[in-house]
file input34.pdb (PDB, C-alpha atoms)
ATOM      1  CA  MET T   1      -1.328  32.133  -0.515
ATOM      2  CA  SER T   2      -4.365  33.057  -2.614
ATOM      3  CA  ARG T   3      -7.315  30.738  -3.156
ATOM      4  CA  PRO T   4      -7.523  29.907  -6.869
ATOM      5  CA  ARG T   5     -10.705  29.546  -8.873
ATOM      6  CA  PHE T   6     -10.075  26.237 -10.596
ATOM      7  CA  THR T   7     -11.156  25.493 -14.141
ATOM      8  CA  PRO T   8     -11.958  21.794 -14.838
ATOM      9  CA  SER T   9      -8.561  21.222 -16.436
ATOM     10  CA  ALA T  10      -6.798  22.962 -13.575
ATOM     11  CA  LEU T  11      -8.654  20.722 -11.157
ATOM     12  CA  ALA T  12      -7.458  17.740 -13.147
ATOM     13  CA  ALA T  13      -3.876  18.955 -12.850
ATOM     14  CA  ALA T  14      -4.224  19.425  -9.094
ATOM     15  CA  ALA T  15      -5.795  16.005  -8.696
ATOM     16  CA  LEU T  16      -2.997  14.530 -10.744
ATOM     17  CA  LEU T  17      -0.272  15.744  -8.438
ATOM     18  CA  ALA T  18      -2.274  14.846  -5.340
ATOM     19  CA  ALA T  19      -2.668  11.298  -6.662
ATOM     20  CA  CYS T  20       0.811  10.471  -5.366
ATOM     21  CA  SER T  21      -0.780   9.473  -2.060
ATOM     22  CA  SER T  22      -2.872   6.732  -3.666
ATOM     23  CA  GLY T  23      -1.795   3.136  -3.539
ATOM     24  CA  THR T  24      -1.874   2.293  -7.237
ATOM     25  CA  THR T  25      -0.483   3.762 -10.420
ATOM     26  CA  ALA T  26      -3.131   5.064 -12.829
ATOM     27  CA  ASN T  27      -2.541   4.351 -16.509
ATOM     28  CA  PRO T  28       1.006   2.977 -16.175
ATOM     29  CA  PRO T  29       3.192   3.422 -19.259
ATOM     30  CA  SER T  30       3.646   0.581 -21.684
ATOM     31  CA  PRO T  31       6.779  -1.419 -20.915
ATOM     32  CA  THR T  32       9.806  -0.259 -22.855
ATOM     33  CA  PRO T  33      12.838  -2.409 -23.603
ATOM     34  CA  ALA T  34      15.475  -1.779 -20.947
ATOM     35  CA  PRO T  35      19.035  -1.058 -22.050
ATOM     36  CA  LYS T  36      21.186  -4.156 -21.895
ATOM     37  CA  PRO T  37      23.773  -4.270 -19.102
ATOM     38  CA  GLY T  38      27.076  -2.941 -20.344
ATOM     39  CA  GLU T  39      25.633  -0.788 -23.123
ATOM     40  CA  ALA T  40      26.480   2.450 -21.313
ATOM     41  CA  GLU T  41      30.191   3.090 -21.107
ATOM     42  CA  ALA T  42      31.840   4.600 -18.053
ATOM     43  CA  PRO T  43      32.529   8.320 -18.556
ATOM     44  CA  ALA T  44      36.110   9.255 -19.357
ATOM     45  CA  PRO T  45      37.865  11.544 -16.838
ATOM     46  CA  THR T  46      39.123  14.867 -18.150
ATOM     47  CA  SER T  47      42.018  14.920 -15.660
ATOM     48  CA  PRO T  48      44.195  12.005 -14.442
ATOM     49  CA  GLY T  49      43.917  12.507 -10.681
ATOM     50  CA  LYS T  50      46.145  11.003  -8.013
ATOM     51  CA  GLY T  51      46.028   8.490  -5.196
ATOM     52  CA  PRO T  52      44.145   5.178  -5.014
ATOM     53  CA  ALA T  53      41.330   4.510  -7.459
ATOM     54  CA  VAL T  54      37.882   4.032  -5.931
ATOM     55  CA  SER T  55      35.307   1.900  -7.743
ATOM     56  CA  TYR T  56      32.163  -0.001  -6.872
ATOM     57  CA  ARG T  57      32.794  -3.361  -5.228
ATOM     58  CA  PRO T  58      30.686  -6.213  -3.826
ATOM     59  CA  VAL T  59      29.049  -5.567  -0.464
ATOM     60  CA  ARG T  60      26.996  -8.140   1.374
ATOM     61  CA  SER T  61      24.630  -5.709   3.093
ATOM     62  CA  ALA T  62      24.649  -1.967   3.713
ATOM     63  CA  ALA T  63      21.827  -0.053   5.410
ATOM     64  CA  TYR T  64      20.845   3.499   4.431
ATOM     65  CA  ARG T  65      18.420   6.210   5.421
ATOM     66  CA  LEU T  66      17.283   8.116   2.309
ATOM     67  CA  GLU T  67      15.330  11.322   2.865
ATOM     68  CA  ARG T  68      13.674  13.429   0.188
ATOM     69  CA  HIS T  69      11.650  16.661   0.431
ATOM     70  CA  ASP T  70       9.807  18.283  -2.499
ATOM     71  CA  SER T  71       7.642  21.369  -2.837
ATOM     72  CA  LEU T  72       5.493  22.138  -5.880
ATOM     73  CA  THR T  73       3.809  25.470  -6.572
ATOM     74  CA  LEU T  74       1.085  25.305  -9.246
ATOM     75  CA  GLU T  75       0.329  28.641 -10.922
ATOM     76  CA  TYR T  76      -3.214  28.881 -12.278
ATOM     77  CA  PRO T  77      -4.746  31.312 -14.801
ATOM     78  CA  GLY T  78      -5.852  34.467 -13.028
ATOM     79  CA  GLY T  79      -2.945  34.471 -10.584
ATOM     80  CA  GLY T  80      -4.075  31.761  -8.168
ATOM     81  CA  THR T  81      -1.508  29.330  -6.762
ATOM     82  CA  GLN T  82      -1.547  26.041  -4.930
ATOM     83  CA  GLU T  83       1.391  24.571  -3.012
ATOM     84  CA  GLN T  84       1.982  20.899  -2.349
ATOM     85  CA  VAL T  85       4.733  19.491  -0.150
ATOM     86  CA  ARG T  86       5.896  15.899  -0.292
ATOM     87  CA  ASP T  87       8.195  14.272   2.315
ATOM     88  CA  ARG T  88       9.675  10.780   2.154
ATOM     89  CA  ILE T  89      12.029   8.924   4.516
ATOM     90  CA  ALA T  90      13.035   5.455   3.313
ATOM     91  CA  PHE T  91      15.107   2.880   5.181
ATOM     92  CA  LEU T  92      16.895   0.563   2.791
ATOM     93  CA  HIS T  93      19.208  -2.419   2.644
ATOM     94  CA  VAL T  94      21.596  -2.550  -0.310
ATOM     95  CA  ALA T  95      23.628  -5.509  -1.575
ATOM     96  CA  VAL T  96      26.117  -5.532  -4.457
ATOM     97  CA  ALA T  97      27.156  -8.911  -5.846
ATOM     98  CA  GLU T  98      29.568 -10.144  -8.495
ATOM     99  CA  THR T  99      28.043 -11.661 -11.617
ATOM    100  CA  GLY T 100      30.942 -13.735 -12.928
ATOM    101  CA  THR T 101      31.772 -11.175 -15.620
ATOM    102  CA  PRO T 102      34.765  -8.936 -14.829
ATOM    103  CA  GLY T 103      33.608  -5.449 -13.830
ATOM    104  CA  ALA T 104      29.915  -6.426 -13.940
ATOM    105  CA  LEU T 105      27.958  -6.290 -10.686
ATOM    106  CA  GLN T 106      24.332  -6.750  -9.663
ATOM    107  CA  VAL T 107      22.570  -4.442  -7.201
ATOM    108  CA  ALA T 108      19.652  -5.443  -4.985
ATOM    109  CA  ILE T 109      17.848  -2.808  -2.881
ATOM    110  CA  VAL T 110      15.106  -3.681  -0.378
ATOM    111  CA  LEU T 111      12.740  -1.149   1.209
ATOM    112  CA  ASP T 112      12.591  -1.981   4.931
ATOM    113  CA  SER T 113      10.248   0.852   5.931
ATOM    114  CA  LEU T 114       8.903   4.140   4.642
ATOM    115  CA  GLU T 115       7.530   7.354   6.119
ATOM    116  CA  ALA T 116       5.446   9.344   3.620
ATOM    117  CA  LEU T 117       3.721  12.696   4.107
ATOM    118  CA  GLU T 118       1.584  14.700   1.667
ATOM    119  CA  SER T 119       1.483  18.402   2.655
ATOM    120  CA  GLY T 120       2.033  17.409   6.276
ATOM    121  CA  GLN T 121      -0.562  14.608   6.343
ATOM    122  CA  PRO T 122       0.323  10.888   6.362
ATOM    123  CA  ALA T 123      -0.045   9.148   3.023
ATOM    124  CA  SER T 124      -2.535   6.309   2.724
ATOM    125  CA  PRO T 125      -1.480   3.618   5.253
ATOM    126  CA  ASP T 126      -2.448   0.902   2.767
ATOM    127  CA  SER T 127      -0.107   2.335   0.117
ATOM    128  CA  VAL T 128       2.773   2.540   2.605
ATOM    129  CA  VAL T 129       2.229  -1.028   3.829
ATOM    130  CA  ALA T 130       2.019  -2.263   0.233
ATOM    131  CA  ALA T 131       5.348  -0.589  -0.595
ATOM    132  CA  ARG T 132       7.306  -2.145   2.278
ATOM    133  CA  GLY T 133       9.486  -5.021   1.201
ATOM    134  CA  THR T 134       9.756  -3.853  -2.408
ATOM    135  CA  ARG T 135      12.943  -5.203  -3.967
ATOM    136  CA  TRP T 136      14.713  -3.480  -6.844
ATOM    137  CA  THR T 137      17.461  -5.018  -8.963
ATOM    138  CA  ALA T 138      19.788  -3.386 -11.465
ATOM    139  CA  PRO T 139      23.086  -3.993 -13.239
ATOM    140  CA  LEU T 140      26.084  -1.941 -12.129
ATOM    141  CA  THR T 141      29.612  -1.671 -13.464
ATOM    142  CA  SER T 142      32.560  -1.291 -11.080
ATOM    143  CA  SER T 143      33.392   1.981 -12.812
ATOM    144  CA  GLY T 144      30.361   3.429 -14.492
ATOM    145  CA  GLY T 145      26.781   3.905 -13.444
ATOM    146  CA  LEU T 146      23.627   2.085 -12.481
ATOM    147  CA  GLY T 147      21.526   0.374 -15.111
ATOM    148  CA  PRO T 148      17.702   0.285 -15.214
ATOM    149  CA  LEU T 149      16.160  -0.391 -11.796
ATOM    150  CA  THR T 150      13.439  -3.055 -11.835
ATOM    151  CA  PRO T 151      11.055  -3.305  -8.840
ATOM    152  CA  ASP T 152       9.316  -6.586  -8.012
ATOM    153  CA  ARG T 153       5.935  -4.859  -7.571
ATOM    154  CA  LYS T 154       3.945  -1.925  -8.939
ATOM    155  CA  GLY T 155       2.449   0.956  -7.002
ATOM    156  CA  THR T 156       2.659   4.715  -6.713
ATOM    157  CA  LEU T 157       5.248   4.745  -3.918
ATOM    158  CA  PRO T 158       7.539   2.027  -5.360
ATOM    159  CA  ASP T 159       7.373   3.702  -8.789
ATOM    160  CA  GLU T 160       8.240   7.059  -7.236
ATOM    161  CA  LEU T 161      11.167   5.623  -5.253
ATOM    162  CA  THR T 162      12.646   3.956  -8.326
ATOM    163  CA  GLY T 163      13.895   7.300  -9.645
ATOM    164  CA  ARG T 164      15.256   8.340  -6.229
ATOM    165  CA  LEU T 165      17.379   5.237  -5.672
ATOM    166  CA  ARG T 166      19.740   6.293  -8.455
ATOM    167  CA  LEU T 167      21.067   8.894  -5.999
ATOM    168  CA  LEU T 168      22.948   6.074  -4.215
ATOM    169  CA  PHE T 169      25.041   5.208  -7.293
ATOM    170  CA  PRO T 170      26.523   8.194  -9.161
ATOM    171  CA  ALA T 171      28.423   7.370 -12.351
ATOM    172  CA  LEU T 172      32.145   6.801 -11.731
ATOM    173  CA  PRO T 173      34.800   7.292 -14.433
ATOM    174  CA  ALA T 174      36.496   4.493 -16.327
ATOM    175  CA  GLY T 175      39.163   2.854 -14.166
ATOM    176  CA  GLY T 176      37.729   4.273 -10.934
ATOM    177  CA  VAL T 177      37.815   7.729  -9.387
ATOM    178  CA  ARG T 178      40.944   9.402  -7.966
ATOM    179  CA  GLU T 179      41.437  12.662  -6.126
ATOM    180  CA  GLY T 180      41.563  15.594  -8.562
ATOM    181  CA  MET T 181      39.584  13.895 -11.334
ATOM    182  CA  SER T 182      36.645  15.503 -13.108
ATOM    183  CA  TRP T 183      34.241  13.947 -15.605
ATOM    184  CA  THR T 184      30.827  14.424 -17.173
ATOM    185  CA  ASP T 185      28.123  11.773 -17.373
ATOM    186  CA  THR T 186      25.095  11.840 -19.676
ATOM    187  CA  THR T 187      22.369   9.307 -19.026
ATOM    188  CA  GLU T 188      18.715   8.713 -19.869
ATOM    189  CA  TYR T 189      16.292   6.568 -17.898
ATOM    190  CA  ARG T 190      12.616   5.996 -17.184
ATOM    191  CA  LEU T 191      11.139   7.213 -13.917
ATOM    192  CA  THR T 192       7.948   8.400 -12.238
ATOM    193  CA  ALA T 193       8.284  11.962 -10.982
ATOM    194  CA  ASP T 194       5.533  14.225  -9.605
ATOM    195  CA  ALA T 195       2.961  11.547 -10.528
ATOM    196  CA  PHE T 196       4.041  11.443 -14.194
ATOM    197  CA  PRO T 197       5.578   8.294 -15.713
ATOM    198  CA  GLY T 198       8.156   9.493 -18.187
ATOM    199  CA  THR T 199      11.761   9.726 -19.286
ATOM    200  CA  GLU T 200      14.547  11.913 -17.943
ATOM    201  CA  ARG T 201      17.837  12.880 -19.533
ATOM    202  CA  ALA T 202      20.474  14.154 -17.102
ATOM    203  CA  VAL T 203      23.910  15.677 -17.714
ATOM    204  CA  THR T 204      26.105  15.790 -14.599
ATOM    205  CA  THR T 205      29.675  17.019 -14.107
ATOM    206  CA  TYR T 206      31.628  15.601 -11.159
ATOM    207  CA  THR T 207      34.848  16.704  -9.434
ATOM    208  CA  ALA T 208      36.632  14.464  -6.925
ATOM    209  CA  ALA T 209      38.566  15.662  -3.887
ATOM    210  CA  ALA T 210      40.027  14.046  -0.787
ATOM    211  CA  SER T 211      37.554  13.865   2.064
ATOM    212  CA  ASP T 212      37.863  16.452   4.809
ATOM    213  CA  ALA T 213      37.931  13.591   7.326
ATOM    214  CA  ALA T 214      41.031  13.563   9.497
ATOM    215  CA  ASP T 215      42.196  10.149   8.275
ATOM    216  CA  HIS T 216      41.481  10.904   4.578
ATOM    217  CA  GLN T 217      40.076   7.395   4.117
ATOM    218  CA  ALA T 218      37.339   8.689   1.862
ATOM    219  CA  ILE T 219      36.820  10.631  -1.336
ATOM    220  CA  THR T 220      34.214  13.319  -2.025
ATOM    221  CA  LEU T 221      32.392  13.894  -5.318
ATOM    222  CA  GLU T 222      30.981  17.379  -5.891
ATOM    223  CA  SER T 223      28.498  17.566  -8.758
ATOM    224  CA  THR T 224      26.461  20.053 -10.763
ATOM    225  CA  GLY T 225      24.090  19.234 -13.566
ATOM    226  CA  SER T 226      20.887  19.726 -15.483
ATOM    227  CA  TYR T 227      17.961  17.585 -16.514
ATOM    228  CA  GLN T 228      15.143  17.446 -19.068
ATOM    229  CA  ARG T 229      12.032  15.391 -18.372
ATOM    230  CA  ALA T 230       8.830  14.515 -20.229
ATOM    231  CA  GLY T 231       5.843  12.329 -19.436
ATOM    232  CA  THR T 232       2.158  11.705 -20.117
ATOM    233  CA  ARG T 233      -0.707  10.678 -17.874
ATOM    234  CA  THR T 234      -4.503  10.433 -18.088
ATOM    235  CA  GLN T 235      -6.578  11.930 -15.279
ATOM    236  CA  ALA T 236     -10.347  12.556 -15.179
ATOM    237  CA  ASP T 237     -10.616  11.286 -18.781
ATOM    238  CA  GLN T 238      -8.141  13.926 -19.957
ATOM    239  CA  GLU T 239      -4.630  13.406 -21.211
ATOM    240  CA  LEU T 240      -2.090  15.555 -19.400
ATOM    241  CA  GLN T 241       1.406  16.105 -20.737
ATOM    242  CA  MET T 242       4.360  17.166 -18.629
ATOM    243  CA  THR T 243       7.684  18.712 -19.585
ATOM    244  CA  ALA T 244      10.302  19.906 -17.112
ATOM    245  CA  THR T 245      13.825  21.281 -16.969
ATOM    246  CA  GLY T 246      16.003  22.046 -13.993
ATOM    247  CA  THR T 247      19.405  22.095 -12.336
ATOM    248  CA  ARG T 248      20.975  19.962  -9.602
ATOM    249  CA  ARG T 249      23.832  20.111  -7.132
ATOM    250  CA  GLY T 250      25.126  17.192  -5.096
ATOM    251  CA  ARG T 251      27.835  15.852  -2.825
ATOM    252  CA  HIS T 252      28.700  12.160  -2.369
ATOM    253  CA  VAL T 253      31.251  10.764   0.069
ATOM    254  CA  PHE T 254      32.687   7.305  -0.657
ATOM    255  CA  GLY T 255      34.981   5.150   1.438
ATOM    256  CA  LEU T 256      38.076   3.875  -0.314
ATOM    257  CA  ASP T 257      36.318   0.498  -0.378
ATOM    258  CA  GLY T 258      33.832   1.935  -2.885
ATOM    259  CA  ILE T 259      30.893   2.013  -0.461
ATOM    260  CA  LEU T 260      28.793   5.164  -0.159
ATOM    261  CA  VAL T 261      29.101   6.881   3.230
ATOM    262  CA  SER T 262      26.727   9.815   2.695
ATOM    263  CA  ALA T 263      25.132  12.013   0.052
ATOM    264  CA  GLN T 264      23.178  15.230  -0.085
ATOM    265  CA  GLY T 265      21.938  17.641  -2.718
ATOM    266  CA  ASN T 266      19.156  19.782  -4.081
ATOM    267  CA  ASP T 267      17.407  20.608  -7.330
ATOM    268  CA  VAL T 268      15.292  23.424  -8.735
ATOM    269  CA  GLY T 269      13.085  23.136 -11.791
ATOM    270  CA  ASP T 270      10.259  24.481 -13.923
ATOM    271  CA  MET T 271       7.523  22.109 -15.016
ATOM    272  CA  THR T 272       4.579  22.658 -17.355
ATOM    273  CA  ILE T 273       1.415  20.553 -17.321
ATOM    274  CA  THR T 274      -0.526  20.799 -20.572
ATOM    275  CA  VAL T 275      -4.111  19.660 -21.234
ATOM    276  CA  PRO T 276      -4.097  19.348 -25.053
ATOM    277  CA  THR T 277      -7.878  18.956 -25.416
ATOM    278  CA  VAL T 278      -8.503  22.471 -24.085
ATOM    279  CA  GLY T 279      -5.138  24.045 -24.855
ATOM    280  CA  GLN T 280      -4.519  25.000 -21.225
ATOM    281  CA  THR T 281      -1.168  24.910 -19.445
ATOM    282  CA  VAL T 282      -0.361  25.026 -15.744
ATOM    283  CA  PRO T 283       3.188  26.164 -14.842
ATOM    284  CA  VAL T 284       4.710  24.511 -11.769
ATOM    285  CA  LYS T 285       7.761  25.582  -9.757
ATOM    286  CA  GLN T 286       9.622  22.685  -8.147
ATOM    287  CA  ARG T 287      12.222  22.608  -5.380
ATOM    288  CA  GLY T 288      13.677  19.514  -3.789
ATOM    289  CA  SER T 289      16.419  18.304  -1.480
ATOM    290  CA  TYR T 290      17.740  14.903  -0.449
ATOM    291  CA  SER T 291      20.150  13.265   1.952
ATOM    292  CA  ALA T 292      21.395   9.721   2.333
ATOM    293  CA  SER T 293      23.434   8.306   5.174
ATOM    294  CA  ALA T 294      24.863   4.885   5.920
ATOM    295  CA  ILE T 295      23.516   3.302   9.096
ATOM    296  CA  GLY T 296      25.952   1.509  11.356
ATOM    297  CA  ARG T 297      29.004   2.173   9.202
TER     298      ARG T 297
END

call {"tool": "encode", "arguments": {"input": "input34.pdb", "output": "structure tokens"}}
result
Amino acid sequence: MSRPRFTPSALAAAALLAACSSGTTANPPSPTPAPKPGEAEAPAPTSPGKGPAVSYRPVRSAAYRLERHDSLTLEYPGGGTQEQVRDRIAFLHVAVAETGTPGALQVAIVLDSLEALESGQPASPDSVVAARGTRWTAPLTSSGGLGPLTPDRKGTLPDELTGRLRLLFPALPAGGVREGMSWTDTTEYRLTADAFPGTERAVTTYTAAASDAADHQAITLESTGSYQRAGTRTQADQELQMTATGTRRGRHVFGLDGILVSAQGNDVGDMTITVPTVGQTVPVKQRGSYSASAIGR
């Protein structure tokens, strides 16, 4: 890897991405009205499927291990590059409760513990300690997707995790998912990704098949999709703008009781950081992978 000669704006871009290890969020975005629960309709399946329908149901407490790995390669003018690697392992407890409205559920997710590394080095211990115990809530429909996740505290690590927790609740088709079904979900949500607060629009196509487990008491969702993302942040008194596009692949396994058993996937994307005041751009290559597994199920 070559050693780049940084310009001031390039240094700002590097510092921006490295800021993920800090304990606070710099220049958080202004609050935006969250979509009301029930506004987003469950996607319609394009094929009828067969067998029992699987949908989200109440669960008192489910424990998960969620692991995420990301690598970013910044490409500077003159051919220099810089690579950053980010690793996260979160241990979570998830509860899904009825709300009194048919088909409407409420999700609560609590962060029990977190391991965070920045290019192989532990993240700030204070930021990790501050993130523990964070509680997110969100509306969920029995067949449909997860609504906006709201954490009970601010901070770089909680903000970052907010976008990752959606991986536990893929959008299910209207009436529940059956073997042989396929459907496409389009959704837009706020998130913090690669240190940028912003908005992401994702289009994901799912196909359901019987699990390869011997007892067939599960159903597997295979997915492919794409995303578009944009955000703005101020660093070193300069505004930096981010745009990104990429593709994703995933696999979720659900029990017939509607509880997630495991998930895994990966994504690849191209991001551009722009410093409008000097007209400079920094291209970034992104690769990521994730896995989630139920503990004690």

call {"tool": "residues_around", "arguments": {"input": "input34.pdb", "residues": "Ala138 (chain T)", "least_positions_apart": "3", "cutoff": "6 Å", "atoms": "only C-alpha atoms", "output": "ChimeraX atom specification"}}
result
/T:106-107,147-149

call {"tool": "resolve_selection", "arguments": {"input": "input34.pdb", "expression": "the PyMOL selection byres ((chain T and resi 193) around 10)", "output": "list in words"}}
result
Leu17, Cys20, Asp159, Glu160, Leu161, Thr162, Gly163, Arg164, Arg190, Leu191, Thr192, Asp194, Ala195, Phe196, Pro197, Gly198, Thr199, Glu200, Arg229, Ala230 and Gly231 of chain T

call {"tool": "closest_residue", "arguments": {"input": "input34.pdb", "among": "T:Leu221, T:Ala116, T:Val85, T:Leu105", "to": "Glu67 (chain T)", "atoms": "only C-alpha atoms"}}
result
T:Ala116

call {"tool": "atom_distance", "arguments": {"input": "input34.pdb", "atom1": "CA of Gln228 (chain T)", "atom2": "CA of Thr186 (chain T)"}}
result
11.4 Å

call {"tool": "closest_residue", "arguments": {"input": "input34.pdb", "among": "T:Thr134, T:Gln238, T:Gln280, T:Thr272", "to": "Thr150 (chain T)", "atoms": "all atoms listed in the file"}}
result
T:Thr134

call {"tool": "decode", "arguments": {"input": "input34.pdb", "residues": "region 180-236 of chain T", "atoms": "C-alpha atoms", "output": "JSON list (two decimals), in the first residue's frame"}}
result
[["chain", "number", "residue", "atom", "x", "y", "z"],
["T", 180, "GLY", "CA", -41.70, -20.69, -3.33],
["T", 181, "MET", "CA", -42.71, -17.04, -2.91],
["T", 182, "SER", "CA", -40.73, -14.13, -4.30],
["T", 183, "TRP", "CA", -41.25, -10.41, -3.73],
["T", 184, "THR", "CA", -39.49, -7.07, -3.98],
["T", 185, "ASP", "CA", -39.30, -4.48, -1.21],
["T", 186, "THR", "CA", -38.39, -0.81, -1.64],
["T", 187, "THR", "CA", -37.70, 1.18, 1.49],
["T", 188, "GLU", "CA", -36.04, 4.43, 2.55],
["T", 189, "TYR", "CA", -34.68, 5.22, 5.99],
["T", 190, "ARG", "CA", -32.23, 7.40, 7.87],
["T", 191, "LEU", "CA", -28.96, 5.92, 9.08],
["T", 192, "THR", "CA", -25.35, 6.73, 9.94],
["T", 193, "ALA", "CA", -22.94, 4.87, 7.69],
["T", 194, "ASP", "CA", -19.16, 5.34, 7.41],
["T", 195, "ALA", "CA", -19.43, 8.34, 9.77],
["T", 196, "PHE", "CA", -22.00, 10.13, 7.58],
["T", 197, "PRO", "CA", -25.55, 10.78, 8.83],
["T", 198, "GLY", "CA", -27.79, 10.43, 5.82],
["T", 199, "THR", "CA", -30.58, 8.64, 4.02],
["T", 200, "GLU", "CA", -30.52, 5.31, 2.22],
["T", 201, "ARG", "CA", -32.93, 3.90, -0.34],
["T", 202, "ALA", "CA", -32.76, 0.13, -0.79],
["T", 203, "VAL", "CA", -34.47, -2.16, -3.30],
["T", 204, "THR", "CA", -34.33, -5.85, -2.34],
["T", 205, "THR", "CA", -35.75, -8.93, -4.07],
["T", 206, "TYR", "CA", -36.40, -12.01, -1.91],
["T", 207, "THR", "CA", -37.06, -15.67, -2.78],
["T", 208, "ALA", "CA", -38.28, -18.14, -0.16],
["T", 209, "ALA", "CA", -37.39, -21.83, -0.03],
["T", 210, "ALA", "CA", -37.75, -24.62, 2.51],
["T", 211, "SER", "CA", -34.82, -24.82, 4.88],
["T", 212, "ASP", "CA", -32.21, -27.48, 4.21],
["T", 213, "ALA", "CA", -32.64, -28.64, 7.82],
["T", 214, "ALA", "CA", -33.64, -32.28, 8.12],
["T", 215, "ASP", "CA", -36.95, -31.51, 9.85],
["T", 216, "HIS", "CA", -37.86, -28.64, 7.47],
["T", 217, "GLN", "CA", -39.15, -26.59, 10.41],
["T", 218, "ALA", "CA", -37.71, -23.42, 8.95],
["T", 219, "ILE", "CA", -37.83, -21.28, 5.84],
["T", 220, "THR", "CA", -34.92, -19.58, 4.07],
["T", 221, "LEU", "CA", -35.01, -16.18, 2.36],
["T", 222, "GLU", "CA", -32.38, -15.56, -0.32],
["T", 223, "SER", "CA", -32.04, -11.91, -1.30],
["T", 224, "THR", "CA", -30.26, -9.65, -3.78],
["T", 225, "GLY", "CA", -30.53, -5.90, -3.96],
["T", 226, "SER", "CA", -29.08, -2.47, -4.47],
["T", 227, "TYR", "CA", -28.86, 0.73, -2.49],
["T", 228, "GLN", "CA", -28.33, 4.47, -2.95],
["T", 229, "ARG", "CA", -27.09, 6.60, -0.06],
["T", 230, "ALA", "CA", -26.39, 10.28, 0.54],
["T", 231, "GLY", "CA", -25.26, 12.29, 3.55],
["T", 232, "THR", "CA", -23.51, 15.45, 4.73],
["T", 233, "ARG", "CA", -21.10, 16.12, 7.56],
["T", 234, "THR", "CA", -18.83, 18.95, 8.72],
["T", 235, "GLN", "CA", -15.23, 18.14, 9.62],
["T", 236, "ALA", "CA", -12.33, 20.56, 10.25]]
